[in-house]
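Structure data follow from final_1.txt (compact mmCIF, C-alpha atoms):
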```txt
# COMPACT_ATOMS: atom_id res chain seq x y z
CA MET A 147 0.00 0.00 0.00
CA ALA A 148 1.31 3.43 -0.95
CA THR A 149 1.65 6.28 1.46
CA ASP A 150 2.25 9.89 0.41
CA THR A 151 0.76 9.36 -3.02
CA ARG A 152 1.30 12.32 -5.30
CA VAL A 153 -1.85 13.32 -7.19
CA ILE A 154 -0.89 15.50 -10.14
CA LEU A 155 -3.31 17.30 -12.42
CA ILE A 156 -2.13 17.72 -16.00
CA CYS A 157 -4.00 20.64 -17.52
CA SER A 158 -3.72 23.43 -20.06
CA GLY A 159 -6.94 25.33 -20.64
CA LYS A 160 -6.56 25.20 -24.41
CA GLY A 161 -7.08 21.89 -26.20
CA GLY A 162 -4.53 20.22 -28.42
CA VAL A 163 -1.41 21.47 -26.68
CA GLY A 164 -0.25 18.01 -25.58
CA LYS A 165 -1.79 17.18 -22.20
CA THR A 166 -2.67 13.61 -23.06
CA THR A 167 0.67 12.89 -24.75
CA LEU A 168 2.49 14.24 -21.69
CA THR A 169 0.29 12.18 -19.35
CA ALA A 170 0.96 8.99 -21.32
CA ASN A 171 4.72 9.56 -21.49
CA LEU A 172 5.06 10.64 -17.86
CA GLY A 173 3.02 7.61 -16.83
CA ILE A 174 5.34 5.26 -18.75
CA SER A 175 8.49 7.03 -17.47
CA LEU A 176 7.39 6.94 -13.82
CA ALA A 177 6.37 3.30 -14.11
CA ARG A 178 9.79 2.54 -15.62
CA GLN A 179 11.38 3.99 -12.50
CA GLY A 180 9.59 1.31 -10.54
CA LEU A 181 6.80 3.52 -9.23
CA SER A 182 3.28 2.19 -9.31
CA THR A 183 1.42 4.76 -11.37
CA ALA A 184 -2.22 5.29 -12.31
CA VAL A 185 -3.29 7.55 -15.14
CA LEU A 186 -6.88 8.75 -14.80
CA ASP A 187 -8.57 10.02 -17.95
CA ALA A 188 -10.82 12.75 -16.60
CA ASP A 189 -11.73 13.76 -20.13
CA PHE A 190 -14.50 11.20 -20.46
CA GLY A 191 -16.47 13.18 -23.03
CA LEU A 192 -13.62 12.99 -25.51
CA ARG A 193 -11.33 10.40 -24.02
CA ASN A 194 -8.09 9.63 -25.81
CA LEU A 195 -5.58 8.51 -23.22
CA ASP A 196 -6.57 4.87 -23.91
CA LEU A 197 -5.74 5.37 -27.57
CA LEU A 198 -2.30 6.90 -26.94
CA LEU A 199 -1.44 4.04 -24.58
CA GLY A 200 -2.74 1.42 -27.03
CA LEU A 201 -5.32 0.21 -24.49
CA GLU A 202 -8.51 1.21 -26.30
CA ASN A 203 -9.68 -2.36 -26.81
CA ARG A 204 -9.17 -3.41 -23.24
CA ILE A 205 -11.51 -1.08 -21.42
CA VAL A 206 -14.42 -2.95 -19.87
CA TYR A 207 -15.43 -0.81 -16.91
CA THR A 208 -14.84 2.81 -15.94
CA ALA A 209 -14.69 4.78 -12.69
CA GLN A 210 -18.41 5.26 -13.12
CA GLU A 211 -19.15 1.55 -12.58
CA VAL A 212 -16.74 1.48 -9.63
CA LEU A 213 -18.59 4.35 -7.92
CA GLU A 214 -21.94 2.70 -8.61
CA GLU A 215 -20.53 -0.50 -7.11
CA GLU A 216 -21.12 -2.48 -10.26
CA CYS A 217 -17.51 -3.63 -10.23
CA ARG A 218 -14.37 -3.50 -8.10
CA LEU A 219 -11.62 -0.96 -8.72
CA ASP A 220 -9.14 -3.60 -9.89
CA GLN A 221 -11.64 -4.78 -12.51
CA ALA A 222 -11.85 -1.29 -13.98
CA LEU A 223 -8.10 -0.66 -13.95
CA VAL A 224 -6.44 -1.52 -17.26
CA LYS A 225 -2.87 -2.65 -16.79
CA HIS A 226 -0.41 -1.62 -19.52
CA LYS A 227 0.82 -4.51 -21.67
CA GLN A 228 4.58 -3.86 -21.47
CA GLU A 229 4.77 -1.69 -18.38
CA SER A 230 2.99 -3.53 -15.59
CA ASN A 231 3.54 -0.69 -13.08
CA LEU A 232 1.19 1.50 -15.11
CA SER A 233 -2.59 1.30 -15.02
CA LEU A 234 -5.22 3.32 -16.83
CA LEU A 235 -8.60 4.24 -15.39
CA PRO A 236 -11.10 5.99 -17.65
CA ALA A 237 -13.39 8.26 -15.61
CA GLY A 238 -16.50 7.42 -17.52
CA ASN A 239 -18.20 6.44 -20.69
CA PRO A 240 -18.47 9.02 -23.48
CA ARG A 241 -22.21 8.34 -23.68
CA MET A 242 -22.75 9.21 -20.02
CA LEU A 243 -22.00 12.87 -19.69
CA ASP A 244 -22.88 15.10 -16.74
CA TRP A 245 -22.99 12.37 -14.13
CA LEU A 246 -19.68 13.14 -12.51
CA LYS A 247 -19.38 15.63 -9.63
CA PRO A 248 -16.26 16.92 -7.84
CA ASP A 249 -17.01 14.60 -4.90
CA ASP A 250 -17.12 11.56 -7.19
CA MET A 251 -13.70 12.46 -8.49
CA LYS A 252 -12.39 12.84 -4.94
CA ARG A 253 -13.76 9.41 -4.00
CA ILE A 254 -12.18 7.67 -6.97
CA VAL A 255 -8.82 9.34 -6.37
CA GLU A 256 -8.93 8.33 -2.69
CA MET A 257 -9.36 4.73 -3.83
CA LEU A 258 -6.43 5.02 -6.25
CA LYS A 259 -4.23 6.54 -3.53
CA GLU A 260 -4.50 3.32 -1.57
CA GLN A 261 -2.52 1.36 -4.12
CA PHE A 262 -0.51 3.77 -6.28
CA ASP A 263 2.55 5.99 -5.70
CA TYR A 264 1.57 8.39 -8.45
CA VAL A 265 -1.84 9.38 -9.79
CA LEU A 266 -1.76 11.49 -12.96
CA ILE A 267 -5.06 13.10 -13.91
CA ASP A 268 -5.45 13.94 -17.59
CA CYS A 269 -7.67 16.99 -17.46
CA PRO A 270 -10.19 17.96 -20.14
CA ALA A 271 -9.66 21.22 -22.04
CA GLY A 272 -11.60 24.28 -20.94
CA VAL A 273 -12.27 25.75 -17.52
CA GLU A 274 -15.80 24.40 -17.03
CA ASP A 275 -17.21 21.45 -15.05
CA GLY A 276 -14.83 18.81 -16.43
CA PHE A 277 -11.85 20.88 -15.35
CA LYS A 278 -13.37 21.67 -11.95
CA ASN A 279 -14.07 18.00 -11.26
CA ALA A 280 -10.52 17.06 -12.10
CA MET A 281 -9.10 19.91 -10.03
CA ALA A 282 -11.16 18.95 -6.97
CA ALA A 283 -9.24 15.70 -6.56
CA SER A 284 -5.75 17.10 -7.21
CA GLN A 285 -2.98 18.31 -4.93
CA GLU A 286 -0.44 19.64 -7.39
CA ALA A 287 -0.53 20.51 -11.08
CA ILE A 288 1.48 20.59 -14.27
CA ILE A 289 0.42 23.21 -16.80
CA VAL A 290 1.14 22.28 -20.40
CA THR A 291 1.36 25.11 -22.89
CA ASN A 292 2.81 25.93 -26.30
CA PRO A 293 4.82 29.04 -27.15
CA GLU A 294 1.76 30.62 -28.79
CA VAL A 295 -0.37 33.53 -27.64
CA SER A 296 -3.67 31.64 -27.37
CA ALA A 297 -2.19 28.72 -25.43
CA VAL A 298 -0.36 31.03 -23.01
CA ARG A 299 -3.45 33.16 -22.45
CA ASP A 300 -5.58 30.11 -21.65
CA ALA A 301 -2.87 28.71 -19.39
CA ASP A 302 -2.97 31.97 -17.44
CA ARG A 303 -6.70 31.56 -16.80
CA VAL A 304 -6.14 28.04 -15.51
CA ILE A 305 -3.25 29.15 -13.27
CA GLY A 306 -5.56 31.75 -11.72
CA LEU A 307 -8.14 29.03 -10.93
CA LEU A 308 -5.49 26.68 -9.51
CA ASN A 309 -4.18 29.46 -7.27
CA THR A 310 -7.63 30.23 -5.88
CA ASN A 311 -8.10 26.55 -5.13
CA ALA A 312 -4.76 26.27 -3.32
CA ILE A 313 -3.33 23.67 -5.71
CA LYS A 314 0.45 23.70 -5.36
CA PRO A 315 3.07 23.42 -6.57
CA VAL A 316 2.06 24.39 -10.10
CA GLN A 317 4.84 23.75 -12.61
CA LEU A 318 5.12 24.48 -16.30
CA VAL A 319 5.86 22.25 -19.27
CA LEU A 320 6.47 24.12 -22.51
CA ASN A 321 5.54 21.80 -25.35
CA ARG A 322 6.22 21.85 -29.10
CA VAL A 323 9.27 24.07 -28.87
CA ARG A 324 10.93 24.87 -32.22
CA PRO A 325 14.52 25.97 -31.55
CA LYS A 326 15.01 27.51 -35.00
CA MET A 327 11.95 29.71 -34.72
CA MET A 328 12.95 30.74 -31.21
CA ALA A 329 16.44 31.61 -32.42
CA SER A 330 15.06 33.82 -35.16
CA GLN A 331 12.67 35.39 -32.63
CA GLU A 332 9.59 34.30 -34.50
CA MET A 333 8.40 32.28 -31.50
CA LEU A 334 7.94 33.30 -27.86
CA SER A 335 11.09 32.36 -25.97
CA ILE A 336 11.29 30.12 -22.90
CA ASP A 337 11.91 33.20 -20.74
CA ASP A 338 8.98 35.06 -22.30
CA VAL A 339 6.58 32.29 -21.30
CA THR A 340 7.97 31.65 -17.82
CA ASP A 341 8.08 35.41 -17.08
CA ILE A 342 4.53 36.02 -18.27
CA LEU A 343 3.06 33.04 -16.43
CA ALA A 344 5.44 33.38 -13.44
CA LEU A 345 5.77 29.61 -13.02
CA PRO A 346 8.83 27.41 -12.48
CA LEU A 347 9.70 25.44 -15.60
CA LEU A 348 9.54 21.68 -15.10
CA GLY A 349 10.74 21.13 -18.63
CA LEU A 350 10.32 21.73 -22.30
CA VAL A 351 9.49 19.32 -25.08
CA LEU A 352 10.95 19.78 -28.54
CA GLU A 353 8.67 19.56 -31.57
CA ASP A 354 9.16 16.05 -32.89
CA GLU A 355 7.46 14.20 -35.75
CA GLN A 356 8.01 10.95 -33.88
CA VAL A 357 5.21 11.99 -31.51
CA ILE A 358 2.71 11.48 -34.32
CA VAL A 359 4.28 8.16 -35.31
CA SER A 360 4.01 6.97 -31.71
CA THR A 361 0.36 7.96 -31.41
CA ASN A 362 -0.35 6.11 -34.68
CA ARG A 363 1.01 2.98 -33.07
CA GLY A 364 -0.44 3.51 -29.61
CA GLU A 365 3.04 3.22 -28.10
CA PRO A 366 4.22 6.31 -26.20
CA LEU A 367 7.69 7.49 -27.30
CA THR A 368 9.24 6.83 -23.91
CA LEU A 369 8.33 3.16 -24.25
CA ASN A 370 10.72 2.40 -27.15
CA SER A 371 12.49 5.12 -29.09
CA VAL A 372 14.22 6.84 -26.22
CA ASN A 373 16.56 8.49 -28.71
CA SER A 374 13.97 10.79 -30.20
CA PRO A 375 14.32 14.45 -29.06
CA ALA A 376 10.84 14.52 -27.50
CA ALA A 377 11.33 11.21 -25.69
CA LYS A 378 14.47 12.58 -24.00
CA CYS A 379 12.53 15.65 -22.93
CA TYR A 380 9.70 13.57 -21.44
CA LEU A 381 12.17 11.43 -19.55
CA ASN A 382 13.91 14.50 -18.13
CA ILE A 383 10.56 15.89 -17.01
CA ALA A 384 9.79 12.63 -15.19
CA LYS A 385 13.19 12.70 -13.47
CA ARG A 386 12.78 16.32 -12.37
CA LEU A 387 9.35 15.45 -11.03
CA LEU A 388 11.07 12.84 -8.87
CA GLY A 389 13.46 15.48 -7.56
CA GLU A 390 16.50 14.71 -9.71
CA ASP A 391 18.58 17.73 -10.65
CA ILE A 392 18.59 17.58 -14.45
CA PRO A 393 19.75 20.88 -15.97
CA LEU A 394 17.44 22.52 -18.50
CA ILE A 395 18.83 22.74 -22.01
CA ASP A 396 18.56 25.98 -23.92
CA PRO A 397 17.20 24.91 -27.32
CA VAL A 398 18.81 27.90 -29.02
CA GLU A 399 22.22 27.20 -27.46
CA GLU A 400 21.92 23.55 -28.42
CA SER A 401 21.82 24.17 -32.15
CA SER A 402 25.32 24.40 -33.59
CA GLY A 403 27.08 25.40 -36.80
CA PHE A 404 27.45 28.74 -38.54
CA GLY A 405 23.71 29.33 -38.86
CA ALA A 406 23.22 28.94 -35.13
CA LYS A 407 26.16 31.24 -34.36
CA PHE A 408 24.71 33.88 -36.64
CA ARG A 409 21.26 33.55 -35.04
CA ARG A 410 22.78 33.94 -31.59
CA LEU A 411 24.60 37.06 -32.73
CA MET A 412 21.32 38.49 -34.00
CA GLN A 413 19.74 37.82 -30.62
CA THR A 414 22.36 39.83 -28.76
CA LYS A 415 20.65 42.53 -26.74
CA ILE A 416 22.04 45.94 -27.70
CA PHE A 417 19.89 47.97 -25.29
CA MET B 157 16.24 45.71 -28.45
CA THR B 158 18.34 43.10 -30.20
CA LEU B 159 20.65 43.36 -33.19
CA ARG B 160 17.97 41.80 -35.35
CA ASP B 161 15.46 44.44 -34.26
CA ILE B 162 17.86 47.21 -35.26
CA ILE B 163 18.53 45.69 -38.69
CA ASN B 164 14.80 45.25 -39.21
CA LYS B 165 14.24 48.87 -38.28
CA LEU B 166 16.95 50.07 -40.68
CA LEU B 167 15.48 48.01 -43.52
CA ARG B 168 11.97 49.10 -42.50
CA ARG B 169 10.96 45.49 -42.15
CA GLN B 170 8.40 44.26 -39.68
CA PRO B 171 9.95 43.41 -36.30
CA ALA B 172 10.28 39.72 -35.41
CA SER B 173 6.90 38.44 -34.32
CA ALA B 174 7.95 37.15 -30.90
CA SER B 175 8.19 40.65 -29.45
CA THR B 176 4.77 41.51 -30.88
CA ALA B 177 3.37 38.33 -29.33
CA ARG B 178 4.91 39.21 -25.97
CA GLU B 179 3.52 42.73 -25.93
CA ARG B 180 0.05 41.66 -27.02
CA LEU B 181 -0.01 38.91 -24.39
CA GLN B 182 1.09 41.19 -21.58
CA LEU B 183 -1.67 43.64 -22.39
CA VAL B 184 -4.45 41.08 -22.79
CA LEU B 185 -3.40 39.26 -19.61
CA ALA B 186 -3.38 42.44 -17.54
CA HIS B 187 -7.02 42.89 -18.50
CA ASP B 188 -7.94 39.18 -18.18
CA ARG B 189 -6.50 39.08 -14.69
CA SER B 190 -8.26 42.20 -13.45
CA ASP B 191 -11.67 41.86 -15.12
CA LEU B 192 -11.55 45.64 -15.59
CA SER B 193 -12.97 47.05 -18.79
CA THR B 194 -11.55 50.14 -20.46
CA GLU B 195 -14.69 52.10 -19.56
CA LEU B 196 -14.39 51.20 -15.89
CA LEU B 197 -10.73 52.10 -15.96
CA ASP B 198 -11.53 55.46 -17.51
CA GLN B 199 -14.24 56.17 -14.97
CA MET B 200 -11.86 55.29 -12.17
CA ARG B 201 -9.23 57.60 -13.65
CA LYS B 202 -11.70 60.50 -13.62
CA GLU B 203 -12.74 59.85 -10.03
CA ILE B 204 -9.15 59.54 -8.81
CA LEU B 205 -8.28 62.79 -10.58
CA GLU B 206 -11.25 64.54 -8.96
CA VAL B 207 -10.18 63.46 -5.49
CA VAL B 208 -6.56 64.49 -5.99
CA ALA B 209 -7.66 67.77 -7.58
CA LYS B 210 -9.28 68.72 -4.27
CA TYR B 211 -5.82 69.05 -2.74
CA VAL B 212 -3.31 69.89 -5.45
CA GLU B 213 -3.69 71.46 -8.82
CA ILE B 214 -3.13 68.78 -11.40
CA ASP B 215 -3.25 68.58 -15.14
CA MET B 216 -6.65 66.99 -15.70
CA ASP B 217 -5.86 66.04 -19.30
CA GLU B 218 -2.52 64.39 -18.68
CA GLY B 219 -3.37 61.94 -15.92
CA ALA B 220 -3.20 58.28 -16.86
CA VAL B 221 -4.34 55.16 -15.06
CA SER B 222 -3.00 51.88 -16.38
CA LEU B 223 -2.67 48.25 -15.48
CA GLU B 224 0.79 46.82 -15.16
CA THR B 225 1.64 43.20 -14.55
CA GLU B 226 4.67 41.57 -13.08
CA ASP B 227 5.01 38.11 -11.52
CA ARG B 228 1.27 37.52 -11.56
CA MET B 229 0.76 40.69 -9.50
CA THR B 230 -1.30 43.26 -11.29
CA ALA B 231 -0.83 46.85 -10.19
CA LEU B 232 -3.12 49.73 -10.94
CA VAL B 233 -0.80 52.64 -11.55
CA ALA B 234 -2.06 56.22 -11.58
CA ASN B 235 0.28 58.84 -12.92
CA LEU B 236 -0.93 62.34 -12.03
CA PRO B 237 1.23 65.28 -13.16
CA ILE B 238 1.09 68.19 -10.68
CA LYS B 239 1.09 71.75 -11.92
CA ARG B 240 3.77 73.97 -10.48
CA THR B 241 3.93 77.66 -9.65
CA LEU B 242 6.48 79.86 -11.39
CA ASN B 243 9.00 79.46 -8.57
CA GLY B 244 8.77 75.68 -8.83
CA LYS B 245 6.49 75.05 -5.87
CA ILE B 246 3.59 72.66 -6.02
CA LYS B 247 0.31 74.49 -6.32
CA LEU B 248 -1.90 73.65 -3.38
CA ILE B 249 -5.59 74.22 -3.38
CA GLU B 250 -6.31 76.85 -0.72
CA HIS B 251 -8.63 74.86 1.50
CA ALA B 252 -6.16 71.98 1.79
CA SER B 253 -4.22 71.82 5.04
CA GLN B 254 -0.73 73.30 5.16
CA GLU B 255 0.78 69.94 6.05
CA GLN B 256 0.16 68.82 2.50
CA GLU B 257 3.38 70.47 1.25
CA SER B 258 5.19 67.69 -0.46
CA ASP B 259 8.72 67.14 -1.58
CA ASN B 260 9.58 69.59 -4.36
CA SER B 261 11.63 67.09 -6.25
CA SER B 262 8.69 64.84 -6.98
CA GLU B 263 6.93 65.59 -10.21
CA ASN B 264 4.15 63.11 -9.93
CA THR B 265 2.11 61.45 -7.28
CA GLU B 266 1.83 57.76 -7.81
CA GLN B 267 -0.80 55.60 -6.36
CA SER B 268 -0.89 51.93 -6.77
CA ILE B 269 -3.50 49.51 -5.67
CA LYS B 270 -2.32 45.96 -5.76
CA ASN B 271 -4.48 42.99 -6.34
CA GLN B 272 -3.91 39.40 -7.39
```
Before we go any further, please render this structure as structure tokens.
Amino acid sequence: MATDTRVILICSGKGGVGKTTLTANLGISLARQGLSTAVLDADFGLRNLDLLLGLENRIVYTAQEVLEEECRLDQALVKHKQESNLSLLPAGNPRMLDWLKPDDMKRIVEMLKEQFDYVLIDCPAGVEDGFKNAMAASQEAIIVTNPEVSAVRDADRVIGLLNTNAIKPVQLVLNRVRPKMMASQEMLSIDDVTDILALPLLGLVLEDEQVIVSTNRGEPLTLNSVNSPAAKCYLNIAKRLLGEDIPLIDPVEESSGFGAKFRRLMQTKIF
Amino acid sequence: MTLRDIINKLLRRQPASASTARERLQLVLAHDRSDLSTELLDQMRKEILEVVAKYVEIDMDEGAVSLETEDRMTALVANLPIKRTLNGKIKLIEHASQEQESDNSSENTEQSIKNQ
């Protein structure tokens, strides 16, 4: 039985910024470190975490049936094929909207806390009921955002709500970073985003085509191709979450060659 | 301002979009965080000016009230230029108490109300 379970909300406000991909990869990475981990798909209206983990055909029950005492928790939990420390729990059935209340979410998370070290809650987009339910059961949060104005603005709204509900710590993951665009100052920089949102950076994830390939297969990047740029980033995020001191890389500094040197020169602050 | 910005300015090209994004975000977030509309802000500016004008003579057209944001703290900053007499002293309204004489070196009175 686990004590001191960490319950982490993974949220963004805006949809499509990479919450579910981060949840899947963090789940795999934590499980790989020997930690029993549950990923809870709180986005039951448009659930996708099962698909990214390749578990879509193995869901029989959801948290809904557990709460209604139609099945036991371990019957609803779907164990990952390769990574037995990881289990998925869908919150509910897409056909059954509106049934879930913040207290239901709290109850289900309390049950998960009894047997897992880590509970990651994949939050639905938006700031409405789905988000509030997911937030009710969480202790700390990871905000996922992209270096784009709309994603940063929405993240700011969510941070405000997390602050009022005393969720802490709240850490930032900057996803889909394109070093070249940042170097040519056609993309908000890491500092721009962390300054504006005033959050500590847990990590950044480089834009990587392999992410799409991995979702096609239903095998998160961190499961196999640990050499892809994004997979390395996810792994570093997991390690930092566990308290390891992994230095952040500056994506602009990382790029080398004459082009990169020239771009750095152009970035030099004159005044 | 970076080297690229200067070259862009010299060539009259558009500045790199990241700085535009940053400025637009900072402005929109200051308003998102405060829930204050421009009309409300303007009304508040007028009322603050009226109160201050009871004590010192200020330039009613120049005063500005704006929202500034830093580290998730939003500050309401009022910048109220005070008119001066010919010998450089601050003009006090007659009914105000004599203790109101402020430091001659200060050009403006600044008020800031902080909120989350």
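When the distance limit is 9 Å and all atoms listed in the file are what count, the residues near stretch 384-399 of chain A, minus those fewer than 4 positions from it on the same chain, are Asn171, Leu172, Gly173, Ser175, Leu176, Gln179, Val323, Arg324, Pro325, Lys326, Met328, Ala329, Ile336, Leu347, Leu348, Gly349, Leu350, Leu352, Cys379, Tyr380, Ala406, Lys407, Arg409 and Arg410 of chain A.
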What's the 10 Å shell around A:Val319, counting all atoms listed in the file, without same-chain residues fewer than 4 positions away, as a PyMOL selection string? chain A and resi 156+158+164-165+168+288-292+340+345-351+380+383
Please check which residues have atoms at most 10 Å from (-3.2, 16.3, -12.5) in the file's coordinates, counting all atoms listed in the file, and write them as an NGL selection string. :A and (152-157 or 165 or 169 or 185-188 or 265-269 or 280-281 or 283-289 or 316)
Atomic distance atom CA of A:Val273 - atom CA of A:Gly159, expressed in Å with one decimal: 6.2 Å
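One distance worth recording is that between atom CA of A:Phe277 and atom CA of A:Ala170, which is 18.5 Å.
Candidate residues B:Leu196, B:Leu159, B:Leu236, B:Leu166 were compared for distance to chain A, and the nearest is B:Leu159, using only C-alpha atoms.
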Quick one: contact table of stretch 329-404 of chain A to stretch 179-189 of chain B, 12 Å max, nearest atom pair and distance in Å to one decimal per residue, counting only C-alpha atoms, chain and number order, as a tab-separated table?
```
residue	atom	partner	partner_atom	distance
A:Leu334	CA	B:Leu181	CA	10.3
A:Asp338	CA	B:Leu181	CA	10.0
A:Val339	CA	B:Leu181	CA	9.8
A:Asp341	CA	B:Gln182	CA	10.1
A:Ile342	CA	B:Gln182	CA	7.0
A:Leu343	CA	B:Leu185	CA	9.5
```
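Closest approach to B:Leu248 among B:Glu195, B:Glu206, B:Glu224, B:Glu213: B:Glu213, based on all atoms listed in the file.
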Within 7 Å of (-1.2, 69.7, -8.6) (coordinates as in the file), grab all the protein and nucleic acid residues, counting all atoms listed in the file, and write them out as a PyMOL selection string. chain B and resi 209+212-215+237-240+246-248
Residues of chain A within 12 Å of chain B, counting all atoms listed in the file - could you list those as a PyMOL selection string? chain A and resi 293-307+309-310+327-346+408-417
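Close contacts of A:Arg363, defined as residues with an atom at most 10 Å away when counting all atoms listed in the file, with chain neighbours fewer than 6 positions off set aside, comprise Leu197, Leu198, Leu199 and Gly200 of chain A.
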Selection to disk with C-alpha atoms, as a PDB file, keeping the file's coordinate frame:
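Saved result, selection21.pdb, follows:
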```
ATOM      1  CA  LEU A 197      -5.740   5.370 -27.570  1.00  0.00           C
ATOM      2  CA  LEU A 198      -2.300   6.900 -26.940  1.00  0.00           C
ATOM      3  CA  LEU A 199      -1.440   4.040 -24.580  1.00  0.00           C
ATOM      4  CA  GLY A 200      -2.740   1.420 -27.030  1.00  0.00           C
TER       5      GLY A 200
END
```
